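File shown here: coords-v6.txt, holding compact mmCIF, C-alpha atoms.
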```txt
# COMPACT_ATOMS: atom_id res chain seq x y z
CA MET X 1 -79.53 -151.32 -11.27
CA ARG X 2 -77.96 -149.17 -13.99
CA LEU X 3 -79.83 -151.13 -16.67
CA ALA X 4 -83.16 -150.46 -14.95
CA LEU X 5 -82.33 -146.75 -14.68
CA VAL X 6 -81.37 -146.50 -18.35
CA LEU X 7 -84.54 -148.29 -19.45
CA ALA X 8 -86.70 -146.15 -17.15
CA LEU X 9 -85.25 -142.88 -18.46
CA GLY X 10 -84.87 -143.93 -22.08
CA GLY X 11 -86.96 -144.74 -25.04
CA CYS X 12 -87.96 -141.15 -25.73
CA SER X 13 -89.57 -142.04 -29.03
CA PHE X 14 -92.10 -144.36 -27.40
CA PHE X 15 -93.40 -141.44 -25.34
CA ALA X 16 -92.52 -138.28 -27.28
CA THR X 17 -93.84 -139.21 -30.71
CA GLU X 18 -97.34 -140.00 -31.82
CA GLY X 19 -99.16 -140.45 -35.08
CA PRO X 20 -101.47 -137.87 -36.57
CA ARG X 21 -104.98 -137.42 -35.25
CA PRO X 22 -107.84 -138.46 -37.50
CA HIS X 23 -109.76 -136.04 -39.73
CA PRO X 24 -111.16 -133.40 -39.30
CA GLY X 25 -108.87 -130.98 -37.60
CA PRO X 26 -105.16 -130.45 -37.31
CA THR X 27 -102.70 -133.31 -37.18
CA ALA X 28 -101.51 -132.33 -33.67
CA CYS X 29 -98.51 -134.63 -33.68
CA ASN X 30 -94.76 -134.33 -33.20
CA ARG X 31 -92.79 -133.65 -36.38
CA GLU X 32 -89.43 -133.31 -34.59
CA MET X 33 -86.74 -135.96 -35.06
CA LYS X 34 -84.87 -135.10 -31.84
CA PRO X 35 -86.21 -138.02 -29.75
CA VAL X 36 -85.63 -140.41 -32.65
CA VAL X 37 -82.04 -139.27 -33.10
CA ALA X 38 -81.39 -139.44 -29.34
CA ASP X 39 -82.61 -143.05 -29.23
CA ALA X 40 -80.54 -143.96 -32.30
CA VAL X 41 -77.40 -142.47 -30.72
CA VAL X 42 -77.91 -144.39 -27.47
CA SER X 43 -78.52 -147.57 -29.46
CA ALA X 44 -75.31 -147.07 -31.44
CA ILE X 45 -73.32 -146.44 -28.26
CA ALA X 46 -74.74 -149.61 -26.71
CA VAL X 47 -73.82 -151.62 -29.83
CA PHE X 48 -70.30 -150.21 -29.60
CA ALA X 49 -70.09 -151.14 -25.89
CA ALA X 50 -71.27 -154.69 -26.66
CA GLY X 51 -68.69 -154.96 -29.43
CA VAL X 52 -65.88 -153.80 -27.15
CA ALA X 53 -66.97 -156.21 -24.42
CA SER X 54 -67.07 -159.04 -26.95
CA LEU X 55 -63.62 -158.21 -28.31
CA GLU X 56 -62.26 -158.15 -24.79
CA HIS X 57 -63.65 -161.68 -24.31
CA GLY X 58 -66.25 -160.52 -21.81
CA GLN X 59 -68.64 -162.94 -20.18
CA GLY X 60 -72.34 -163.03 -21.01
CA GLY X 61 -73.07 -160.56 -18.21
CA ASP X 62 -70.78 -158.03 -19.87
CA VAL X 63 -72.17 -158.39 -23.38
CA LEU X 64 -75.89 -159.05 -22.94
CA PRO X 65 -77.00 -155.84 -21.14
CA PRO X 66 -75.63 -153.54 -23.87
CA ILE X 67 -77.29 -155.73 -26.50
CA GLY X 68 -80.60 -155.44 -24.63
CA ILE X 69 -80.22 -151.68 -24.33
CA ALA X 70 -79.37 -151.42 -28.04
CA GLY X 71 -82.44 -153.47 -28.93
CA PHE X 72 -84.76 -151.40 -26.73
CA PHE X 73 -83.49 -148.05 -27.98
CA GLY X 74 -83.29 -149.30 -31.57
CA ALA X 75 -86.94 -150.36 -31.43
CA SER X 76 -87.88 -147.03 -29.87
CA SER X 77 -86.00 -145.15 -32.58
CA ALA X 78 -87.66 -147.18 -35.35
CA TYR X 79 -91.11 -146.61 -33.84
CA GLY X 80 -90.45 -142.89 -33.53
CA PHE X 81 -89.15 -142.63 -37.09
CA VAL X 82 -92.31 -144.27 -38.45
CA GLN X 83 -94.59 -142.02 -36.37
CA VAL X 84 -92.74 -138.81 -37.32
CA ARG X 85 -92.79 -139.80 -40.98
CA ARG X 86 -96.55 -140.46 -40.80
CA CYS X 87 -97.06 -137.12 -39.08
CA ARG X 88 -95.02 -135.19 -41.64
CA THR X 89 -96.80 -136.85 -44.55
CA GLU X 90 -100.22 -136.17 -43.09
CA HIS X 91 -99.28 -132.59 -42.18
CA GLU X 92 -98.38 -131.89 -45.81
CA GLN X 93 -101.85 -133.01 -46.85
CA ARG X 94 -103.68 -131.04 -44.16
CA PRO X 95 -101.59 -128.35 -42.49
CA GLY X 96 -102.55 -127.08 -39.08
CA TRP X 97 -105.21 -124.43 -38.76
CA SER X 98 -104.26 -120.83 -38.36
CA LEU X 99 -105.96 -118.56 -35.83
CA ALA X 100 -107.92 -116.93 -38.65
CA ASP X 101 -109.45 -120.29 -39.63
CA MET X 102 -110.62 -121.18 -36.13
CA PRO X 103 -114.19 -120.38 -35.17
CA ALA X 104 -114.76 -117.66 -32.60
CA VAL X 105 -116.00 -118.87 -29.23
CA MET X 106 -117.91 -116.51 -27.02
```

Encoded form (structure tokens):
Amino acid sequence: MRLALVLALGGCSFFATEGPRPHPGPTACNREMKPVVADAVVSAIAVFAAGVASLEHGQGGDVLPPIGIAGFFGASSAYGFVQVRRCRTEHEQRPGWSLADMPAVM
């Protein structure tokens, strides 16, 4: 039950990061690393928990869920890192429009 809750609430980078939009127009993507860092921290904590369970000679049921959580959050963090990097690179090439550059709509 706890595993399902963690997986349902986690993986911020899968949902909070996206790649840049195609030309023309602004990139309109997330350049923040906060979701990526959050996923990486949860993954590291899960790896630590799996290591402690393994050192304490835990059974498969004690070691496998943290490994699964670490894999899920690690994959989410890697995906988010790639998307944020793509967004930052593209934003340097074509920064977002300012209000002065936008056409007037009446």

Practice task
Have a look at X:Pro20, X:Arg94, X:Val63, X:Phe14 and name the one nearest to X:Val47; count only C-alpha atoms.
Solution key: X:Val63

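Distance check against X:Arg21 using all atoms listed in the file: of X:Ala70, X:Ile45, X:Cys87, X:Gln93, the minimum falls on X:Cys87.
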
Counting all atoms listed in the file, which residues of stretch 52-102 of chain X sit at most 10 Å from some atom of stretch 22-39 of chain X, and what is each one's closest atom pair with its distance in Å to one decimal, listed by chain and rising residue number, as CSV?
```
residue,atom,partner,partner_atom,distance
X:Ala70,CA,X:Asp39,CA,9.1
X:Phe72,CA,X:Asp39,CA,9.0
X:Phe73,CA,X:Asp39,CA,5.2
X:Gly74,CA,X:Asp39,CA,6.7
X:Ala75,CA,X:Asp39,CA,8.8
X:Ser76,CA,X:Asp39,CA,6.6
X:Ser77,CA,X:Val36,CA,4.8
X:Ala78,CA,X:Val36,CA,7.6
X:Tyr79,CA,X:Val36,CA,8.4
X:Gly80,CA,X:Val36,CA,5.5
X:Phe81,CA,X:Val36,CA,6.1
X:Val82,CA,X:Val36,CA,9.7
X:Gln83,CA,X:Asn30,CA,8.3
X:Val84,CA,X:Arg31,CA,5.2
X:Arg85,CA,X:Arg31,CA,7.7
X:Arg86,CA,X:Arg31,CA,8.9
X:Cys87,CA,X:Cys29,CA,6.1
X:Arg88,CA,X:Arg31,CA,5.9
X:Thr89,CA,X:Arg31,CA,9.6
X:Glu90,CA,X:Thr27,CA,7.0
X:His91,CA,X:Thr27,CA,6.1
X:Glu92,CA,X:Thr27,CA,9.8
X:Gln93,CA,X:Thr27,CA,9.7
X:Arg94,CA,X:Pro26,CA,7.0
X:Pro95,CA,X:Pro26,CA,6.6
X:Gly96,CA,X:Pro26,CA,4.6
X:Trp97,CA,X:Pro26,CA,6.2
X:Ser98,CA,X:Pro26,CA,9.7
```

Handout entry: Contacts of stretch 50-59 of chain X within 12 Å, only C-alpha atoms, excl. fewer than 6 positions in-chain, as a PyMOL selection string
Key = chain X and resi 43-44+65-71
